[in-house]
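Structure file data-v1.cif; described as mmCIF, C-alpha atoms.
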data_target
loop_
_atom_site.label_atom_id
_atom_site.label_comp_id
_atom_site.auth_asym_id
_atom_site.auth_seq_id
_atom_site.Cartn_x
_atom_site.Cartn_y
_atom_site.Cartn_z
CA MET A 18 232.51 37.17 -51.93
CA SER A 19 233.95 38.89 -48.91
CA PHE A 20 232.16 39.49 -45.65
CA ASP A 21 233.01 43.18 -45.53
CA ILE A 22 229.44 44.06 -44.61
CA ALA A 23 229.97 42.60 -41.17
CA GLY A 24 228.02 44.11 -38.31
CA ALA A 25 231.18 45.15 -36.51
CA ARG A 26 231.84 47.75 -39.17
CA VAL A 27 228.28 49.00 -38.89
CA LEU A 28 228.81 49.57 -35.18
CA ARG A 29 232.14 51.33 -35.75
CA LEU A 30 230.60 53.78 -38.21
CA ALA A 31 227.64 54.39 -35.91
CA ALA A 32 229.94 55.18 -33.01
CA GLY A 33 231.87 57.62 -35.16
CA ILE A 34 228.98 59.91 -35.95
CA GLY A 35 227.43 60.34 -32.52
CA THR A 36 223.87 61.51 -32.95
CA ALA A 37 223.65 59.79 -36.32
CA ALA A 38 223.84 56.40 -34.62
CA ARG A 39 221.44 54.96 -37.11
CA VAL A 40 224.36 54.39 -39.43
CA GLY A 41 225.78 51.18 -40.80
CA SER A 42 228.15 50.34 -43.57
CA GLY A 43 229.65 47.66 -45.68
CA LEU A 44 228.42 47.70 -49.21
CA GLY A 45 228.76 44.82 -51.56
CA TRP A 46 227.88 41.17 -51.78
CA GLY A 47 230.37 38.38 -51.48
CA LEU A 48 230.99 34.70 -51.75
CA ALA A 49 232.72 32.58 -49.16
CA VAL A 50 234.36 30.25 -51.64
CA TYR A 51 237.81 30.74 -53.17
CA ARG A 52 238.44 28.87 -56.39
CA ASN A 53 241.67 26.88 -56.64
CA ARG A 54 242.85 27.61 -60.15
CA GLY A 55 245.73 25.20 -59.84
CA ASN A 56 243.68 22.00 -59.52
CA GLY A 57 240.43 23.30 -61.03
CA ASN A 58 238.34 22.37 -58.00
CA GLY A 59 235.27 24.37 -57.15
CA SER A 60 234.40 23.86 -53.69
CA ALA A 61 212.97 54.27 -60.34
CA ASN A 62 214.11 56.94 -60.85
CA GLY A 63 212.07 56.40 -57.78
CA GLN A 64 211.57 59.43 -55.64
CA GLY A 65 211.39 57.59 -52.31
CA GLY A 66 208.56 59.88 -51.21
CA ALA A 67 208.78 63.63 -50.90
CA PRO A 68 212.19 65.31 -50.62
CA GLY A 69 213.57 64.81 -47.15
CA THR A 70 212.21 61.29 -46.75
CA GLY A 71 214.05 58.00 -46.88
CA PRO A 72 213.61 54.89 -49.03
CA THR A 73 210.73 53.80 -46.78
CA GLY A 74 209.20 57.28 -46.59
CA GLU A 75 210.22 58.22 -43.04
CA PRO A 76 211.28 61.83 -42.33
CA ALA A 77 214.95 62.52 -42.76
CA ALA A 78 216.91 64.15 -39.98
CA MET A 79 218.26 67.35 -41.41
CA GLY A 80 221.45 69.07 -40.36
CA ASP A 81 222.34 72.72 -40.65
CA ALA A 82 222.59 74.26 -44.07
CA PRO A 83 225.94 73.75 -45.80
CA PRO A 84 228.46 76.58 -45.74
CA ALA A 85 227.64 79.42 -48.11
CA SER A 86 230.50 78.45 -50.37
CA ALA A 87 228.81 75.11 -51.05
CA SER A 88 226.10 76.76 -53.11
CA ALA A 89 228.47 78.98 -55.06
CA PRO A 90 228.73 78.16 -58.78
CA LEU A 91 231.41 75.68 -59.72
CA PRO A 92 234.31 77.02 -61.75
CA ALA A 93 234.09 76.51 -65.48
CA HIS A 94 236.73 73.78 -65.40
CA GLY A 95 235.11 71.89 -62.51
CA PRO A 96 232.77 68.88 -62.68
CA PRO A 97 229.13 69.38 -63.65
CA PRO A 98 226.82 70.47 -60.82
CA CYS A 99 224.92 67.76 -58.94
CA ARG A 100 221.63 68.82 -60.52
CA GLU A 101 223.09 67.43 -63.80
CA CYS A 102 224.11 64.10 -62.23
CA PRO A 103 223.40 61.23 -64.68
CA LEU A 104 222.11 59.07 -61.82
CA ARG A 105 219.03 61.25 -61.36
CA SER A 106 217.35 59.80 -64.47
CA LEU A 107 217.94 56.11 -63.70
CA PRO A 108 214.78 54.13 -62.92
CA GLY A 109 216.11 52.09 -60.00
CA LEU A 110 217.78 54.90 -58.02
CA ILE A 111 216.35 57.41 -55.55
CA ALA A 112 217.72 60.90 -56.12
CA PRO A 113 218.68 62.96 -53.05
CA GLY A 114 216.64 66.06 -52.33
CA SER A 115 217.84 69.57 -53.01
CA THR A 116 219.31 70.04 -49.52
CA GLN A 117 221.27 66.80 -49.78
CA ARG A 118 222.51 67.76 -53.24
CA GLU A 119 223.95 70.98 -51.82
CA TRP A 120 225.85 69.05 -49.19
CA ILE A 121 227.13 66.54 -51.74
CA GLU A 122 228.28 69.36 -53.98
CA HIS A 123 230.12 70.94 -51.06
CA TYR A 124 231.91 67.79 -49.90
CA ARG A 125 232.78 66.09 -53.18
CA ALA A 126 236.24 66.62 -54.60
CA GLY A 127 235.52 66.27 -58.31
CA GLU A 128 235.28 63.34 -60.69
CA ARG A 129 237.56 60.58 -61.93
CA GLN A 130 237.61 58.79 -65.25
CA VAL A 131 238.82 55.17 -65.35
CA ALA A 132 239.51 53.41 -68.63
CA LYS A 133 238.36 49.84 -69.26
CA GLY A 134 240.80 47.40 -67.64
CA ASP A 135 242.44 49.97 -65.36
CA ASP A 136 242.39 49.78 -61.57
CA LEU A 137 240.47 52.34 -59.56
CA LEU A 138 241.71 50.89 -56.26
CA ARG A 139 244.46 48.39 -55.53
CA GLN A 140 244.49 45.80 -52.80
CA GLY A 141 246.84 46.77 -49.96
CA ALA A 142 247.15 50.39 -51.06
CA PRO A 143 245.99 53.24 -48.82
CA GLY A 144 242.42 54.24 -49.54
CA ASP A 145 241.95 57.97 -49.14
CA ARG A 146 238.92 58.41 -51.41
CA LEU A 147 235.34 57.21 -51.61
CA PHE A 148 233.60 56.96 -54.97
CA THR A 149 230.06 56.87 -56.30
CA VAL A 150 229.80 55.24 -59.71
CA LEU A 151 228.24 57.68 -62.17
CA GLU A 152 228.74 55.73 -65.39
CA GLY A 153 230.19 52.34 -66.24
CA VAL A 154 230.56 48.97 -64.50
CA LEU A 155 233.45 47.85 -62.29
CA ILE A 156 234.45 44.60 -60.63
CA ARG A 157 235.80 44.08 -57.12
CA ALA A 158 238.19 41.21 -56.42
CA ARG A 159 240.51 39.93 -53.71
CA LEU A 160 243.76 38.04 -54.28
CA LEU A 161 245.24 35.39 -52.03
CA GLU A 162 248.97 35.19 -51.49
CA ASP A 163 249.24 32.17 -53.81
CA GLY A 164 247.56 34.05 -56.68
CA ARG A 165 244.05 32.67 -56.39
CA ARG A 166 241.36 35.28 -56.94
CA GLN A 167 237.88 35.73 -55.55
CA VAL A 168 235.62 38.09 -57.46
CA VAL A 169 233.62 39.81 -54.75
CA ASN A 170 231.12 42.09 -56.46
CA VAL A 171 230.12 43.87 -59.64
CA MET A 172 229.58 47.60 -59.12
CA PHE A 173 226.89 49.48 -61.06
CA PRO A 174 225.98 53.18 -61.30
CA GLY A 175 224.94 54.53 -57.92
CA ASP A 176 227.12 52.10 -55.92
CA LEU A 177 229.47 53.45 -53.27
CA ILE A 178 233.08 52.23 -53.50
CA GLY A 179 235.91 52.42 -50.99
CA LEU A 180 233.99 52.64 -47.74
CA GLN A 181 235.87 49.67 -46.26
CA ALA A 182 239.16 51.57 -46.31
CA ALA A 183 237.58 54.30 -44.20
CA PHE A 184 237.96 51.86 -41.31
CA ASP A 185 240.87 49.60 -42.21
CA GLY A 186 243.26 52.22 -43.57
CA GLU A 187 244.11 50.20 -46.67
CA MET A 188 242.14 48.38 -49.32
CA SER A 189 241.29 44.73 -48.71
CA HIS A 190 240.49 44.30 -52.41
CA SER A 191 241.03 45.79 -55.84
CA VAL A 192 238.44 47.52 -58.01
CA THR A 193 238.90 47.35 -61.79
CA ALA A 194 236.82 48.92 -64.56
CA LEU A 195 235.00 46.45 -66.79
CA THR A 196 233.98 49.36 -69.02
CA ASP A 197 235.10 52.96 -69.33
CA SER A 198 233.81 54.47 -66.10
CA ARG A 199 233.17 57.85 -64.52
CA LEU A 200 232.99 58.35 -60.76
CA CYS A 201 232.25 61.10 -58.28
CA LEU A 202 234.91 61.19 -55.56
CA PHE A 203 234.87 62.23 -51.91
CA PRO A 204 237.88 62.64 -49.61
CA ARG A 205 237.74 59.82 -47.09
CA ASP A 206 238.64 62.07 -44.16
CA ARG A 207 235.60 64.29 -44.86
CA PHE A 208 233.03 61.54 -45.22
CA MET A 209 232.44 61.35 -41.46
CA ASP A 210 231.78 65.09 -41.43
CA LEU A 211 229.23 64.62 -44.20
CA VAL A 212 227.19 61.94 -42.42
CA THR A 213 227.47 63.78 -39.10
CA ALA A 214 226.10 66.99 -40.59
CA GLN A 215 223.47 65.16 -42.64
CA PRO A 216 222.04 62.08 -40.88
CA ARG A 217 219.98 61.56 -44.04
CA PHE A 218 223.15 60.14 -45.63
CA ALA A 219 223.85 58.03 -42.56
CA TYR A 220 220.39 56.52 -42.84
CA ASP A 221 220.92 55.81 -46.54
CA VAL A 222 224.18 54.00 -45.82
CA ILE A 223 222.63 51.73 -43.18
CA TRP A 224 219.64 51.09 -45.47
CA LEU A 225 221.97 50.07 -48.27
CA SER A 226 223.91 47.89 -45.85
CA ALA A 227 220.75 46.06 -44.82
CA ARG A 228 219.81 45.42 -48.46
CA GLU A 229 223.29 44.19 -49.26
CA GLU A 230 223.23 41.80 -46.32
CA ASP A 231 220.00 40.33 -47.68
CA ALA A 232 221.63 39.98 -51.11
CA LEU A 233 224.63 38.31 -49.48
CA GLU A 234 222.37 35.67 -47.96
CA GLN A 235 220.82 34.95 -51.35
CA HIS A 236 224.20 34.60 -53.05
CA LEU A 237 225.56 32.34 -50.31
CA VAL A 238 222.52 30.11 -50.67
CA ALA A 239 223.12 29.98 -54.42
CA VAL A 240 226.76 28.98 -53.96
CA GLY A 241 226.19 26.58 -51.08
CA GLN A 242 223.04 24.81 -52.23
CA ARG A 243 222.45 25.30 -55.94
CA PRO A 244 223.97 23.20 -58.75
CA ALA A 245 226.21 24.93 -61.27
CA ARG A 246 223.43 25.69 -63.77
CA GLU A 247 221.36 27.47 -61.14
CA ARG A 248 224.40 29.34 -59.79
CA VAL A 249 225.22 30.75 -63.21
CA ALA A 250 221.57 31.51 -63.96
CA TYR A 251 221.14 33.30 -60.63
CA LEU A 252 224.22 35.43 -61.24
CA ALA A 253 223.17 36.26 -64.80
CA LEU A 254 219.69 37.27 -63.65
CA TRP A 255 221.06 39.33 -60.74
CA LEU A 256 223.33 41.21 -63.14
CA MET A 257 220.43 41.76 -65.56
CA GLU A 258 218.19 43.09 -62.78
CA ARG A 259 220.91 45.52 -61.63
CA GLY A 260 221.43 46.51 -65.25
CA MET A 261 217.71 47.27 -65.65
CA GLN A 262 217.77 49.38 -62.50
CA THR A 263 220.59 51.47 -63.91
CA GLY A 264 219.46 51.80 -67.52
CA LEU A 265 222.03 49.44 -69.04
CA VAL A 266 219.71 46.74 -70.42
CA ARG A 267 218.34 46.97 -73.95
CA ALA A 268 216.13 44.29 -75.54
CA HIS A 269 216.87 41.82 -72.74
CA GLU A 270 220.61 42.27 -73.23
CA LEU A 271 223.23 43.60 -70.83
CA HIS A 272 226.41 44.62 -72.61
CA VAL A 273 229.10 44.14 -69.97
CA PRO A 274 232.33 42.25 -70.78
CA ILE A 275 232.48 39.63 -68.01
CA THR A 276 234.67 36.63 -68.90
CA GLN A 277 234.06 32.99 -68.02
CA SER A 278 237.18 33.12 -65.86
CA GLN A 279 235.68 35.96 -63.82
CA VAL A 280 232.40 34.07 -63.49
CA ALA A 281 234.31 31.00 -62.30
CA ASP A 282 236.17 33.11 -59.74
CA MET A 283 232.85 34.54 -58.60
CA LEU A 284 230.96 31.25 -58.20
CA GLY A 285 233.66 28.87 -56.99
CA LEU A 286 233.60 26.77 -60.17
CA SER A 287 236.37 25.48 -62.37
CA LEU A 288 236.78 27.16 -65.74
CA VAL A 289 235.88 23.92 -67.57
CA HIS A 290 232.71 23.48 -65.52
CA THR A 291 231.76 27.09 -66.12
CA ASN A 292 232.18 26.70 -69.89
CA ARG A 293 230.03 23.57 -69.97
CA THR A 294 227.36 25.27 -67.89
CA PHE A 295 227.26 28.22 -70.29
CA GLN A 296 226.75 25.82 -73.20
CA THR A 297 223.98 23.94 -71.40
CA LEU A 298 222.06 27.12 -70.61
CA ARG A 299 222.49 28.37 -74.16
CA LYS A 300 221.20 25.13 -75.70
CA ALA A 301 218.21 25.20 -73.36
CA GLY A 302 217.32 28.67 -74.63
CA LEU A 303 217.56 30.13 -71.13
CA ILE A 304 220.69 32.30 -71.11
CA ASP A 305 223.13 33.25 -73.86
CA TRP A 306 226.23 34.64 -72.14
CA ASN A 307 229.40 35.51 -74.01
CA VAL A 308 232.36 37.75 -73.31
CA HIS A 309 230.53 40.83 -74.57
CA ARG A 310 226.99 40.54 -73.25
CA ILE A 311 224.33 38.59 -71.36
CA HIS A 312 221.08 37.80 -73.17
CA ILE A 313 218.06 36.32 -71.36
CA PRO A 314 215.18 35.95 -73.86
CA ASP A 315 212.50 35.17 -71.26
CA LEU A 316 213.25 36.82 -67.93
CA ASP A 317 210.11 35.55 -66.22
CA ARG A 318 210.92 31.96 -67.20
CA VAL A 319 214.35 32.17 -65.60
CA ARG A 320 212.98 33.98 -62.53
CA ASP A 321 210.42 31.22 -61.99
CA TRP A 322 212.97 28.46 -62.54
CA ILE A 323 215.43 29.67 -59.91
CA GLY A 324 212.92 31.36 -57.60
CA PHE A 325 214.39 34.84 -57.98
CA ASP A 326 212.62 37.39 -55.78
CA ARG A 327 212.70 40.87 -57.33
CA ALA A 328 211.62 42.35 -54.00
CA GLY A 329 215.23 41.95 -52.93
CA LEU A 330 216.22 44.68 -55.40
CA PRO A 331 214.13 47.75 -54.52
CA ALA A 332 215.01 51.26 -55.66
CA ARG A 333 218.24 52.41 -54.01
CA PRO A 334 219.36 55.77 -52.65
CA TYR A 335 222.79 57.07 -53.60
CA ILE A 336 225.25 59.67 -52.36
#
Entire entry expressed as structure tokens:
Amino acid sequence: MSFDIAGARVLRLAAGIGTAARVGSGLGWGLAVYRNRGNGNGSANGQGGAPGTGPTGEPAAMGDAPPASASAPLPAHGPPPCRECPLRSLPGLIAPGSTQREWIEHYRAGERQVAKGDDLLRQGAPGDRLFTVLEGVLIRARLLEDGRRQVVNVMFPGDLIGLQAAFDGEMSHSVTALTDSRLCLFPRDRFMDLVTAQPRFAYDVIWLSAREEDALEQHLVAVGQRPARERVAYLALWLMERGMQTGLVRAHELHVPITQSQVADMLGLSLVHTNRTFQTLRKAGLIDWNVHRIHIPDLDRVRDWIGFDRAGLPARPYI
């Protein structure tokens, strides 16, 4: 995983919005290990309190009302209004209040559909858009010059994509759709105006950044200190928990096509070691993971075994 949640970027965003200095950025979790494929070595719908309050219930700083045109009806051919956003019904996400929805509707630039297997963003290309995942699951990865790949993150509904390019000018990674996906898009050059006018969004970004930094610590511990079985189990359970937050889990199954090669690139394991670990977990009745879905029959048993703390995945705001 990459370290794109570094504090330096938080400070740069905070400096850019003046009075909204409570801001931070850098979404995503990352691993520090790159797998050498050549030699095979592995080194609710929560409301968040009353409208206008944050994830912890504190009052939100409110900017001026959006321009009158922001509340005008969308044209018939435009995207659905924000009040019909599919994220509003998801159990693990905190919907923005009516004022924030008006601002989002004013600043967004429409929607984008991405077919399974297609790239949303490409490493090294200019990044002029930010995206919120509305439907689907995507994967973020970074390539080294010699062709080795590090899978950095798996993006679920509600996640913000592309924020790193708002600072660096070009993408440090690629984002590819694991499933057919639908995203809400924002022009990158207007995002600063949005968080300046509405510090509520700035607060949400820094809150998300703090949660992601905590998740990063947990994943680094898993990679640095856990044996292969616990690494794979931790990842599977993390994906299941995110899937439950976003309404994608049915009968203890998450239907997302993640290959063993992608898991190996995520956890710093060889492909052979990853395959053997999958078989061991399956025989033990703990986790049945194939190319189409993840099945964990007894979630509490796996949580207890690896010491997974669900408090690290509270309900999340989205933009």
What are the closest atom pairs, with distances in Å to one decimal, for all residues of segment 254-295 of chain A lying within 9 Å of segment 100-114 of chain A? Consider all atoms listed in the file, order rows by chain and residue number, and present the result as a Markdown table.
| residue | atom | partner | partner_atom | distance |
| --- | --- | --- | --- | --- |
| A:Arg259 | CA | A:Gly109 | CA | 8.3 |
| A:Met261 | CA | A:Gly109 | CA | 7.6 |
| A:Gln262 | CA | A:Gly109 | CA | 4.0 |
| A:Thr263 | CA | A:Leu107 | CA | 5.3 |
| A:Gly264 | CA | A:Leu107 | CA | 6.0 |
Problem set entry | Non-local contacts of Val238 of chain A (12 Å; only C-alpha atoms; under 2 positions in same chain excluded) as a PyMOL selection string | chain A and resi 47-50+231-236+240-244+247-248+251-252+284+323-325
Exercise. Separation of atom CA of His123 of chain A and atom CA of Leu211 of chain A, in Å?
Worked result: 9.4 Å
Exercise. Evaluating the PyMOL selection byres ((chain A and resi 303) around 12) on the displayed file yields which residues, as a ChimeraX atom specification?
Worked result: /A:246-247,249-251,253-254,269,294-302,304-306,311-323
For this session: Could you please determine the separation between atom CA of Arg166 of chain A and atom CA of Gln279 of chain A in Å, to one decimal place?
Result: 8.9 Å
Seminar exercise, completed: From atom CA of Tyr220 of chain A to atom CA of Gln117 of chain A the spacing works out at 12.4 Å
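The residue that comes closest to Arg217 of chain A, out of A:Leu160, A:Leu200, A:Ile121, A:Ala332 and on the basis of only C-alpha atoms, is A:Ile121.
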Repaired coordinates for segment 246-280 of chain A (N, CA and C atoms) as a PDB file, in the coordinates of the input:
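To be explicit, this is the file written out as selection22.pdb:
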ATOM      1  N   ARG A 246     224.327  25.001 -62.833  1.00  0.00           N
ATOM      2  CA  ARG A 246     223.430  25.690 -63.770  1.00  0.00           C
ATOM      3  C   ARG A 246     222.635  26.787 -63.062  1.00  0.00           C
ATOM      4  N   GLU A 247     222.141  26.473 -61.869  1.00  0.00           N
ATOM      5  CA  GLU A 247     221.360  27.470 -61.140  1.00  0.00           C
ATOM      6  C   GLU A 247     222.243  28.592 -60.610  1.00  0.00           C
ATOM      7  N   ARG A 248     223.479  28.278 -60.231  1.00  0.00           N
ATOM      8  CA  ARG A 248     224.400  29.340 -59.790  1.00  0.00           C
ATOM      9  C   ARG A 248     224.620  30.361 -60.900  1.00  0.00           C
ATOM     10  N   VAL A 249     224.949  29.857 -62.084  1.00  0.00           N
ATOM     11  CA  VAL A 249     225.220  30.750 -63.210  1.00  0.00           C
ATOM     12  C   VAL A 249     223.961  31.524 -63.586  1.00  0.00           C
ATOM     13  N   ALA A 250     222.816  30.842 -63.606  1.00  0.00           N
ATOM     14  CA  ALA A 250     221.570  31.510 -63.960  1.00  0.00           C
ATOM     15  C   ALA A 250     221.226  32.591 -62.935  1.00  0.00           C
ATOM     16  N   TYR A 251     221.435  32.302 -61.657  1.00  0.00           N
ATOM     17  CA  TYR A 251     221.140  33.300 -60.630  1.00  0.00           C
ATOM     18  C   TYR A 251     222.018  34.529 -60.805  1.00  0.00           C
ATOM     19  N   LEU A 252     223.307  34.302 -61.043  1.00  0.00           N
ATOM     20  CA  LEU A 252     224.220  35.430 -61.240  1.00  0.00           C
ATOM     21  C   LEU A 252     223.835  36.240 -62.464  1.00  0.00           C
ATOM     22  N   ALA A 253     223.542  35.555 -63.570  1.00  0.00           N
ATOM     23  CA  ALA A 253     223.170  36.260 -64.800  1.00  0.00           C
ATOM     24  C   ALA A 253     221.918  37.099 -64.579  1.00  0.00           C
ATOM     25  N   LEU A 254     220.930  36.539 -63.884  1.00  0.00           N
ATOM     26  CA  LEU A 254     219.690  37.270 -63.650  1.00  0.00           C
ATOM     27  C   LEU A 254     219.912  38.438 -62.694  1.00  0.00           C
ATOM     28  N   TRP A 255     220.741  38.239 -61.669  1.00  0.00           N
ATOM     29  CA  TRP A 255     221.060  39.330 -60.740  1.00  0.00           C
ATOM     30  C   TRP A 255     221.719  40.489 -61.482  1.00  0.00           C
ATOM     31  N   LEU A 256     222.656  40.171 -62.359  1.00  0.00           N
ATOM     32  CA  LEU A 256     223.330  41.210 -63.140  1.00  0.00           C
ATOM     33  C   LEU A 256     222.334  41.916 -64.069  1.00  0.00           C
ATOM     34  N   MET A 257     221.434  41.155 -64.685  1.00  0.00           N
ATOM     35  CA  MET A 257     220.430  41.760 -65.560  1.00  0.00           C
ATOM     36  C   MET A 257     219.514  42.699 -64.778  1.00  0.00           C
ATOM     37  N   GLU A 258     219.082  42.261 -63.591  1.00  0.00           N
ATOM     38  CA  GLU A 258     218.190  43.090 -62.780  1.00  0.00           C
ATOM     39  C   GLU A 258     218.900  44.391 -62.379  1.00  0.00           C
ATOM     40  N   ARG A 259     220.159  44.302 -61.959  1.00  0.00           N
ATOM     41  CA  ARG A 259     220.910  45.520 -61.630  1.00  0.00           C
ATOM     42  C   ARG A 259     221.086  46.396 -62.872  1.00  0.00           C
ATOM     43  N   GLY A 260     221.302  45.754 -64.014  1.00  0.00           N
ATOM     44  CA  GLY A 260     221.430  46.510 -65.250  1.00  0.00           C
ATOM     45  C   GLY A 260     220.142  47.239 -65.608  1.00  0.00           C
ATOM     46  N   MET A 261     218.990  46.605 -65.371  1.00  0.00           N
ATOM     47  CA  MET A 261     217.710  47.270 -65.650  1.00  0.00           C
ATOM     48  C   MET A 261     217.488  48.432 -64.696  1.00  0.00           C
ATOM     49  N   GLN A 262     217.897  48.283 -63.443  1.00  0.00           N
ATOM     50  CA  GLN A 262     217.770  49.380 -62.500  1.00  0.00           C
ATOM     51  C   GLN A 262     218.561  50.608 -62.926  1.00  0.00           C
ATOM     52  N   THR A 263     219.668  50.381 -63.593  1.00  0.00           N
ATOM     53  CA  THR A 263     220.590  51.470 -63.910  1.00  0.00           C
ATOM     54  C   THR A 263     220.626  51.813 -65.397  1.00  0.00           C
ATOM     55  N   GLY A 264     219.613  51.382 -66.130  1.00  0.00           N
ATOM     56  CA  GLY A 264     219.460  51.800 -67.520  1.00  0.00           C
ATOM     57  C   GLY A 264     220.443  51.196 -68.495  1.00  0.00           C
ATOM     58  N   LEU A 265     221.016  50.036 -68.176  1.00  0.00           N
ATOM     59  CA  LEU A 265     222.030  49.440 -69.040  1.00  0.00           C
ATOM     60  C   LEU A 265     221.512  48.285 -69.886  1.00  0.00           C
ATOM     61  N   VAL A 266     220.269  47.885 -69.693  1.00  0.00           N
ATOM     62  CA  VAL A 266     219.710  46.740 -70.420  1.00  0.00           C
ATOM     63  C   VAL A 266     218.864  47.241 -71.588  1.00  0.00           C
ATOM     64  N   ARG A 267     219.116  46.667 -72.758  1.00  0.00           N
ATOM     65  CA  ARG A 267     218.340  46.970 -73.950  1.00  0.00           C
ATOM     66  C   ARG A 267     217.931  45.645 -74.600  1.00  0.00           C
ATOM     67  N   ALA A 268     216.641  45.480 -74.861  1.00  0.00           N
ATOM     68  CA  ALA A 268     216.130  44.290 -75.540  1.00  0.00           C
ATOM     69  C   ALA A 268     216.601  43.008 -74.853  1.00  0.00           C
ATOM     70  N   HIS A 269     216.497  42.993 -73.538  1.00  0.00           N
ATOM     71  CA  HIS A 269     216.870  41.820 -72.740  1.00  0.00           C
ATOM     72  C   HIS A 269     218.348  41.491 -72.835  1.00  0.00           C
ATOM     73  N   GLU A 270     219.168  42.477 -73.140  1.00  0.00           N
ATOM     74  CA  GLU A 270     220.610  42.270 -73.230  1.00  0.00           C
ATOM     75  C   GLU A 270     221.352  43.275 -72.361  1.00  0.00           C
ATOM     76  N   LEU A 271     222.330  42.764 -71.622  1.00  0.00           N
ATOM     77  CA  LEU A 271     223.230  43.600 -70.830  1.00  0.00           C
ATOM     78  C   LEU A 271     224.611  43.504 -71.437  1.00  0.00           C
ATOM     79  N   HIS A 272     225.106  44.621 -71.953  1.00  0.00           N
ATOM     80  CA  HIS A 272     226.410  44.620 -72.610  1.00  0.00           C
ATOM     81  C   HIS A 272     227.488  45.005 -71.592  1.00  0.00           C
ATOM     82  N   VAL A 273     228.005  43.989 -70.921  1.00  0.00           N
ATOM     83  CA  VAL A 273     229.100  44.140 -69.970  1.00  0.00           C
ATOM     84  C   VAL A 273     230.074  42.994 -70.207  1.00  0.00           C
ATOM     85  N   PRO A 274     231.358  43.293 -70.437  1.00  0.00           N
ATOM     86  CA  PRO A 274     232.330  42.250 -70.780  1.00  0.00           C
ATOM     87  C   PRO A 274     232.830  41.487 -69.545  1.00  0.00           C
ATOM     88  N   ILE A 275     232.080  40.487 -69.119  1.00  0.00           N
ATOM     89  CA  ILE A 275     232.480  39.630 -68.010  1.00  0.00           C
ATOM     90  C   ILE A 275     232.914  38.287 -68.591  1.00  0.00           C
ATOM     91  N   THR A 276     234.136  37.856 -68.317  1.00  0.00           N
ATOM     92  CA  THR A 276     234.670  36.630 -68.900  1.00  0.00           C
ATOM     93  C   THR A 276     234.231  35.408 -68.098  1.00  0.00           C
ATOM     94  N   GLN A 277     234.364  34.233 -68.719  1.00  0.00           N
ATOM     95  CA  GLN A 277     234.060  32.990 -68.020  1.00  0.00           C
ATOM     96  C   GLN A 277     235.011  32.786 -66.841  1.00  0.00           C
ATOM     97  N   SER A 278     236.232  33.220 -66.968  1.00  0.00           N
ATOM     98  CA  SER A 278     237.180  33.120 -65.860  1.00  0.00           C
ATOM     99  C   SER A 278     236.714  33.936 -64.668  1.00  0.00           C
ATOM    100  N   GLN A 279     236.185  35.129 -64.916  1.00  0.00           N
ATOM    101  CA  GLN A 279     235.680  35.960 -63.820  1.00  0.00           C
ATOM    102  C   GLN A 279     234.443  35.335 -63.196  1.00  0.00           C
ATOM    103  N   VAL A 280     233.576  34.753 -64.021  1.00  0.00           N
ATOM    104  CA  VAL A 280     232.400  34.070 -63.490  1.00  0.00           C
ATOM    105  C   VAL A 280     232.829  32.889 -62.615  1.00  0.00           C
TER     106      VAL A 280
END
